[in-house]
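What follows is one structure encoded as structure tokens, with my remarks underneath.
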Amino acid sequence: MTAPPSLDRDSHALFLDFDGTLAPLQADPATVFLTADQTALLTSLSAAMRGALAIISGRDIQDLGLRIPSDIIRIGGHGLDVAHAGQLPVRQPGVAPEALSTAFAETVAALDGVWIEPKGRVLAVHYRDNPEAAAALGASLGSAIDRHPDYTLQGGKMVFEAKPSAANKGTALKIAMQSDLFADRSPVIVGDDKTDEDAMIAATELGGFGIKVGDGDSVAQWRLHDTAAVWNWLETNA
């Protein structure tokens with residue numbers, strides 16, 4: 001895959017993942033913020049595209065709202081929650097099933113360097129500090145989630161996430177594309193992880209394309225090397 005083409009600000013709709021795409025992955029997600037210049041660039045590009053730009057992330061919508069300006073559309077929880085431009089980020093009520101949370105907690109307690117990040121109805125289990133635990137951790141979490149047919153377990157970069165079936169970036173992208181703001185545009189999705197692949201498939205089906213950030217297999221037609229390359233590409237399109 002080669003470097004992506006330029007955006008057409010009049011005919012494209014742009015969807016950007018956050019962690020690993022706009023910001024480098026860090027051990028503690030709470031420490032990740034954009035710079036003032038990066039925030040200004042996103043705001044400028046969104047205005048140039050007449051608002052057809054959205055941040056689509058696995059982060060909780062309220063957490064995402066702390067890192068993305070309110071004049072940009074924020075889609076959190078892999079699509080479970082949406083804050084439109086000018087809206088306060090509000091998470092829909094509900095948490096993961098108690099039995100599932102308990103089973104995950106018991107698994108994590110037996111492993112060093114592994115911790116749970118509750119995100120409303122989504123549970124993220126991080127193991128960046130203990131990568132050797134991946135196989136055993138995945139097997140144990142998979143066994144627990146098998147007892148909850150309305151949930152799925154998806155692996156990512158040093159994380160496993162338990163998500164309701166509605167939490168899917170591909171579904172979220174298709175719903176967004178049905179709105180008046182995105183009508184008659186073609187979707188472009190930039191992402192780095194497995195959860196972004198669903199959105200890339202959806203974008204391609206709707207006549208757009210995906211851009212993979214970093215190494216690894218992908219359905220994306222184009223690739224950018226890292227987060228710095230993403231910002232360089234965005235700057236050329238602002």
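Going by the structure tokens order, chains are called A, B, ..., each with residues numbered from 1, while ligands are numbered from 1 in the order shown.
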Query - Nearby residues (only C-alpha atoms) at most 7 Å from segment 206-218 of chain A, same-chain spacing under 4 positions excluded, as number ranges by chain - result: A: 4, 21, 186-192, 197, 200, 202, 222-226
Take the residues from that selection and put them in a file with N, CA and C atoms, as a short mmCIF file (atom, residue, chain, number, x, y, z; two decimals), in the first residue's frame.
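For reference, selection_27.cif as written:
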```cif
data_model
loop_
_atom_site.label_atom_id
_atom_site.label_comp_id
_atom_site.auth_asym_id
_atom_site.auth_seq_id
_atom_site.Cartn_x
_atom_site.Cartn_y
_atom_site.Cartn_z
N PRO A 4 -1.72 7.76 0.95
CA PRO A 4 -3.09 8.03 0.49
C PRO A 4 -3.19 9.28 -0.36
N THR A 21 -3.75 6.65 16.20
CA THR A 21 -3.95 7.34 14.92
C THR A 21 -3.64 8.82 15.06
N SER A 186 -18.42 10.59 0.28
CA SER A 186 -17.82 9.26 0.36
C SER A 186 -16.96 9.19 1.63
N PRO A 187 -17.10 8.13 2.43
CA PRO A 187 -16.38 8.07 3.70
C PRO A 187 -14.92 7.69 3.55
N VAL A 188 -14.08 8.35 4.34
CA VAL A 188 -12.66 8.03 4.47
C VAL A 188 -12.40 7.78 5.95
N ILE A 189 -11.86 6.62 6.30
CA ILE A 189 -11.59 6.28 7.69
C ILE A 189 -10.10 6.03 7.87
N VAL A 190 -9.52 6.66 8.89
CA VAL A 190 -8.11 6.49 9.22
C VAL A 190 -8.01 5.82 10.58
N GLY A 191 -7.36 4.66 10.65
CA GLY A 191 -7.27 3.94 11.91
C GLY A 191 -6.10 2.98 11.93
N ASP A 192 -5.78 2.50 13.11
CA ASP A 192 -4.58 1.66 13.27
C ASP A 192 -4.86 0.27 13.79
N GLU A 197 -10.88 -1.85 11.34
CA GLU A 197 -11.07 -2.61 10.11
C GLU A 197 -12.54 -2.71 9.73
N MET A 200 -13.37 0.36 7.97
CA MET A 200 -12.77 0.40 6.63
C MET A 200 -13.58 -0.42 5.63
N ALA A 202 -16.79 -0.98 5.89
CA ALA A 202 -18.01 -0.21 5.66
C ALA A 202 -17.76 0.95 4.71
N TRP A 222 -4.85 2.20 1.49
CA TRP A 222 -3.74 3.13 1.63
C TRP A 222 -3.12 2.99 3.02
N ARG A 223 -1.92 3.56 3.22
CA ARG A 223 -1.24 3.40 4.50
C ARG A 223 -0.44 4.66 4.83
N LEU A 224 -0.41 4.97 6.13
CA LEU A 224 0.47 5.99 6.69
C LEU A 224 1.33 5.34 7.76
N HIS A 225 2.57 5.77 7.87
CA HIS A 225 3.54 5.07 8.70
C HIS A 225 3.23 5.15 10.20
N ASP A 226 2.86 6.33 10.68
CA ASP A 226 2.65 6.51 12.12
C ASP A 226 1.80 7.75 12.36
#
```
Query - Non-local contacts of segment 149-156 of chain A (6 Å; only C-alpha atoms; under 6 positions in same chain excluded) as a list in words - result: Ala162, Lys163, Pro164, Ser165 and Lys194 of chain A
Query raised in the report: If we count only C-alpha atoms, what is near segment 131-135 of chain A at a cut-off of 12 Å, once residues fewer than 3 positions away on the same chain are taken out, given as a list in words?
Result: Ala27, Thr107, Val108, Ala110, Leu111, Asp112, Gly113, Val114, Trp115, Val125, His126, Tyr127, Arg128, Gly138, Ala139, Ser140, Leu141, Gly142, Gly155, Gly156, Lys157, Met158, Val159 and Phe160 of chain A
Just the selected residues (N, CA and C atoms), exported as a PDB file, in the first residue's frame, please.
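As written to disk, result-v5.pdb reads:
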```
ATOM      1  N   ALA A  27       0.917   3.763  27.834  1.00  0.00           N
ATOM      2  CA  ALA A  27       0.516   2.770  28.834  1.00  0.00           C
ATOM      3  C   ALA A  27      -0.703   3.228  29.621  1.00  0.00           C
ATOM      4  N   THR A 107     -10.027 -12.877  36.634  1.00  0.00           N
ATOM      5  CA  THR A 107      -8.936 -13.205  35.709  1.00  0.00           C
ATOM      6  C   THR A 107      -7.785 -12.219  35.857  1.00  0.00           C
ATOM      7  N   VAL A 108      -8.111 -10.945  35.899  1.00  0.00           N
ATOM      8  CA  VAL A 108      -7.083  -9.897  35.969  1.00  0.00           C
ATOM      9  C   VAL A 108      -6.334  -9.947  37.299  1.00  0.00           C
ATOM     10  N   ALA A 110      -5.324 -12.333  38.907  1.00  0.00           N
ATOM     11  CA  ALA A 110      -4.315 -13.400  38.938  1.00  0.00           C
ATOM     12  C   ALA A 110      -3.103 -13.085  38.061  1.00  0.00           C
ATOM     13  N   LEU A 111      -3.112 -11.926  37.403  1.00  0.00           N
ATOM     14  CA  LEU A 111      -2.038 -11.596  36.466  1.00  0.00           C
ATOM     15  C   LEU A 111      -1.422 -10.244  36.808  1.00  0.00           C
ATOM     16  N   ASP A 112      -0.123 -10.193  36.886  1.00  0.00           N
ATOM     17  CA  ASP A 112       0.568  -8.925  37.122  1.00  0.00           C
ATOM     18  C   ASP A 112       0.548  -8.067  35.852  1.00  0.00           C
ATOM     19  N   GLY A 113       0.495  -6.759  36.036  1.00  0.00           N
ATOM     20  CA  GLY A 113       0.591  -5.843  34.907  1.00  0.00           C
ATOM     21  C   GLY A 113      -0.609  -5.830  33.996  1.00  0.00           C
ATOM     22  N   VAL A 114      -1.743  -6.346  34.454  1.00  0.00           N
ATOM     23  CA  VAL A 114      -2.975  -6.369  33.664  1.00  0.00           C
ATOM     24  C   VAL A 114      -4.044  -5.611  34.437  1.00  0.00           C
ATOM     25  N   TRP A 115      -4.811  -4.757  33.748  1.00  0.00           N
ATOM     26  CA  TRP A 115      -5.826  -3.977  34.460  1.00  0.00           C
ATOM     27  C   TRP A 115      -7.046  -3.738  33.590  1.00  0.00           C
ATOM     28  N   VAL A 125      -9.523  -4.586  28.774  1.00  0.00           N
ATOM     29  CA  VAL A 125      -8.510  -5.217  29.621  1.00  0.00           C
ATOM     30  C   VAL A 125      -7.149  -4.978  28.975  1.00  0.00           C
ATOM     31  N   HIS A 126      -6.328  -4.169  29.633  1.00  0.00           N
ATOM     32  CA  HIS A 126      -5.025  -3.782  29.100  1.00  0.00           C
ATOM     33  C   HIS A 126      -3.922  -4.684  29.660  1.00  0.00           C
ATOM     34  N   TYR A 127      -3.012  -5.080  28.768  1.00  0.00           N
ATOM     35  CA  TYR A 127      -1.894  -5.914  29.225  1.00  0.00           C
ATOM     36  C   TYR A 127      -0.566  -5.445  28.638  1.00  0.00           C
ATOM     37  N   ARG A 128      -0.459  -4.157  28.366  1.00  0.00           N
ATOM     38  CA  ARG A 128       0.765  -3.601  27.785  1.00  0.00           C
ATOM     39  C   ARG A 128       1.967  -3.831  28.696  1.00  0.00           C
ATOM     40  N   GLY A 138      -6.361 -13.998  26.917  1.00  0.00           N
ATOM     41  CA  GLY A 138      -7.382 -14.101  25.886  1.00  0.00           C
ATOM     42  C   GLY A 138      -8.251 -15.336  26.046  1.00  0.00           C
ATOM     43  N   ALA A 139      -7.628 -16.451  26.406  1.00  0.00           N
ATOM     44  CA  ALA A 139      -8.385 -17.692  26.581  1.00  0.00           C
ATOM     45  C   ALA A 139      -9.355 -17.580  27.744  1.00  0.00           C
ATOM     46  N   SER A 140      -8.894 -16.999  28.854  1.00  0.00           N
ATOM     47  CA  SER A 140      -9.748 -16.876  30.032  1.00  0.00           C
ATOM     48  C   SER A 140     -10.897 -15.897  29.790  1.00  0.00           C
ATOM     49  N   LEU A 141     -10.602 -14.761  29.185  1.00  0.00           N
ATOM     50  CA  LEU A 141     -11.655 -13.788  28.896  1.00  0.00           C
ATOM     51  C   LEU A 141     -12.646 -14.343  27.875  1.00  0.00           C
ATOM     52  N   GLY A 142     -12.129 -15.088  26.895  1.00  0.00           N
ATOM     53  CA  GLY A 142     -13.006 -15.695  25.902  1.00  0.00           C
ATOM     54  C   GLY A 142     -13.969 -16.693  26.511  1.00  0.00           C
ATOM     55  N   GLY A 155      -9.792  -8.418  20.182  1.00  0.00           N
ATOM     56  CA  GLY A 155      -8.431  -8.088  20.546  1.00  0.00           C
ATOM     57  C   GLY A 155      -7.938  -6.877  19.796  1.00  0.00           C
ATOM     58  N   GLY A 156      -7.031  -6.131  20.422  1.00  0.00           N
ATOM     59  CA  GLY A 156      -6.421  -4.973  19.792  1.00  0.00           C
ATOM     60  C   GLY A 156      -4.955  -4.904  20.178  1.00  0.00           C
ATOM     61  N   LYS A 157      -4.385  -3.737  20.133  1.00  0.00           N
ATOM     62  CA  LYS A 157      -2.982  -3.559  20.478  1.00  0.00           C
ATOM     63  C   LYS A 157      -2.816  -3.548  21.993  1.00  0.00           C
ATOM     64  N   MET A 158      -2.422  -4.697  22.522  1.00  0.00           N
ATOM     65  CA  MET A 158      -2.211  -4.889  23.954  1.00  0.00           C
ATOM     66  C   MET A 158      -3.488  -4.663  24.767  1.00  0.00           C
ATOM     67  N   VAL A 159      -4.631  -5.005  24.162  1.00  0.00           N
ATOM     68  CA  VAL A 159      -5.899  -4.846  24.860  1.00  0.00           C
ATOM     69  C   VAL A 159      -6.902  -5.860  24.327  1.00  0.00           C
ATOM     70  N   PHE A 160      -7.765  -6.325  25.213  1.00  0.00           N
ATOM     71  CA  PHE A 160      -8.951  -7.084  24.838  1.00  0.00           C
ATOM     72  C   PHE A 160     -10.158  -6.253  25.265  1.00  0.00           C
TER      73      PHE A 160
END
```
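Between Pro97 of chain A and the candidates A:Asp129, A:Val122, A:Ile175, A:Arg9, the tightest atom-to-atom separation, counting only C-alpha atoms, involves A:Val122.
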Report task. From segment 13-148 of chain A, collect each residue whose DSSP state is strand (DSSP E or B) and return the set as a PyMOL selection string. Result -> chain A and resi 13-16+19+23+53-56+73-76+81-83+115-119+122-126
Query - Computed interatomic separation between atom CA of Leu53 of chain A and atom CA of Phe15 of chain A (Å) - result: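 Value for the atom CA of Leu53 of chain A-atom CA of Phe15 of chain A distance: 5.9 Å.
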Requested in this report: Could you check how far atom CA of Trp233 of chain A sits from atom CA of Leu41 of chain A, in Å to one decimal?
Outcome: 11.3 Å
Query raised in the report: Near Ala30 of chain A, counting only C-alpha atoms, which residues have an atom at most 12 Å away, once you skip same-chain residues fewer than 4 positions from it, shown as a list of chain:residue names?
Result: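 Near neighbours after the sequence-gap exclusion: A:Asp19, A:Ala23, A:Leu25, A:Gln26, A:Leu34, A:Arg59, A:Asp60, A:Asp63, A:Leu64, A:Leu66, A:Arg67, A:Glu117.
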Report summary line: atom CA of His78 of chain A to atom CA of Met177 of chain A measures 15.5 Å
Would you please give, as a CSV table (one decimal) with C-alpha atoms, in the first residue's frame, all residues of segment 30-211 of chain A that DSSP assigns to helix (DSSP H, G or I) based on the backbone?
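Saved file states-v9.csv follows:
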```csv
chain,number,residue,atom,x,y,z
A,30,ALA,CA,-5.6,9.1,30.8
A,31,THR,CA,-2.3,10.9,30.0
A,36,ALA,CA,-3.1,23.1,20.9
A,37,ASP,CA,-1.8,23.1,17.3
A,38,GLN,CA,-3.3,19.7,16.6
A,39,THR,CA,-6.7,20.7,18.1
A,40,ALA,CA,-6.7,23.9,16.0
A,41,LEU,CA,-5.9,21.9,12.8
A,42,LEU,CA,-8.8,19.5,13.4
A,43,THR,CA,-11.1,22.4,14.0
A,44,SER,CA,-9.9,24.1,10.8
A,45,LEU,CA,-10.3,21.0,8.7
A,46,SER,CA,-13.7,20.3,10.1
A,47,ALA,CA,-14.8,23.8,9.1
A,48,ALA,CA,-13.3,23.4,5.6
A,61,ILE,CA,-17.7,9.4,25.0
A,62,GLN,CA,-17.1,11.6,28.1
A,63,ASP,CA,-13.4,10.7,28.1
A,64,LEU,CA,-13.2,11.5,24.4
A,65,GLY,CA,-14.9,14.8,25.1
A,77,GLY,CA,-17.7,3.5,22.8
A,78,HIS,CA,-17.0,2.0,19.3
A,79,GLY,CA,-20.3,3.7,18.2
A,98,GLU,CA,-22.2,-7.9,36.7
A,99,ALA,CA,-21.3,-11.6,36.1
A,100,LEU,CA,-19.1,-10.6,33.2
A,101,SER,CA,-17.3,-7.9,35.2
A,102,THR,CA,-16.8,-10.2,38.1
A,103,ALA,CA,-15.3,-12.9,35.8
A,104,PHE,CA,-13.0,-10.4,34.2
A,105,ALA,CA,-11.9,-9.1,37.6
A,106,GLU,CA,-11.0,-12.5,38.8
A,107,THR,CA,-8.9,-13.2,35.7
A,108,VAL,CA,-7.1,-9.9,36.0
A,109,ALA,CA,-6.4,-10.3,39.7
A,131,PRO,CA,2.6,-8.8,27.0
A,132,GLU,CA,3.5,-12.5,27.8
A,133,ALA,CA,0.1,-12.8,29.4
A,134,ALA,CA,-1.8,-12.4,26.0
A,135,ALA,CA,-2.5,-16.0,25.3
A,136,ALA,CA,-3.7,-17.0,28.7
A,137,LEU,CA,-5.6,-13.8,29.2
A,138,GLY,CA,-7.4,-14.1,25.9
A,139,ALA,CA,-8.4,-17.7,26.6
A,140,SER,CA,-9.7,-16.9,30.0
A,141,LEU,CA,-11.7,-13.8,28.9
A,142,GLY,CA,-13.0,-15.7,25.9
A,143,SER,CA,-14.3,-18.4,28.2
A,144,ALA,CA,-16.1,-15.8,30.3
A,145,ILE,CA,-17.7,-14.0,27.4
A,169,LYS,CA,-17.2,1.1,14.2
A,170,GLY,CA,-18.5,-0.1,10.9
A,171,THR,CA,-22.1,0.2,12.0
A,172,ALA,CA,-21.4,3.6,13.5
A,173,LEU,CA,-19.9,4.8,10.2
A,174,LYS,CA,-22.9,3.6,8.2
A,175,ILE,CA,-25.3,5.3,10.6
A,176,ALA,CA,-23.3,8.6,10.4
A,177,MET,CA,-23.3,8.5,6.6
A,180,ASP,CA,-27.8,15.1,6.3
A,181,LEU,CA,-24.4,16.4,7.2
A,182,PHE,CA,-22.7,13.4,5.5
A,194,LYS,CA,-8.5,-4.2,14.5
A,195,THR,CA,-11.6,-2.3,15.5
A,196,ASP,CA,-11.0,0.2,12.7
A,197,GLU,CA,-11.1,-2.6,10.1
A,198,ASP,CA,-14.9,-2.9,10.5
A,199,ALA,CA,-15.1,0.8,9.6
A,200,MET,CA,-12.8,0.4,6.6
A,201,ILE,CA,-14.9,-2.4,5.2
A,202,ALA,CA,-18.0,-0.2,5.7
A,203,ALA,CA,-16.3,2.8,4.0
A,204,THR,CA,-15.3,0.7,1.0
A,205,GLU,CA,-18.8,-0.6,0.6
```
Query - Selected residue, from A:Asn130, A:Ser70, A:Gly20, A:Arg121, that lies nearest to Arg91 of chain A when counting only C-alpha atoms - result: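 Between A:Asn130, A:Ser70, A:Gly20, A:Arg121, the residue approaching Arg91 of chain A most closely is A:Arg121.
You can rank A:Leu7, A:Arg185, A:Asp193, A:Thr2 by their closest distance to Glu235 of chain A using only C-alpha atoms, and at the top of that list sits A:Leu7.
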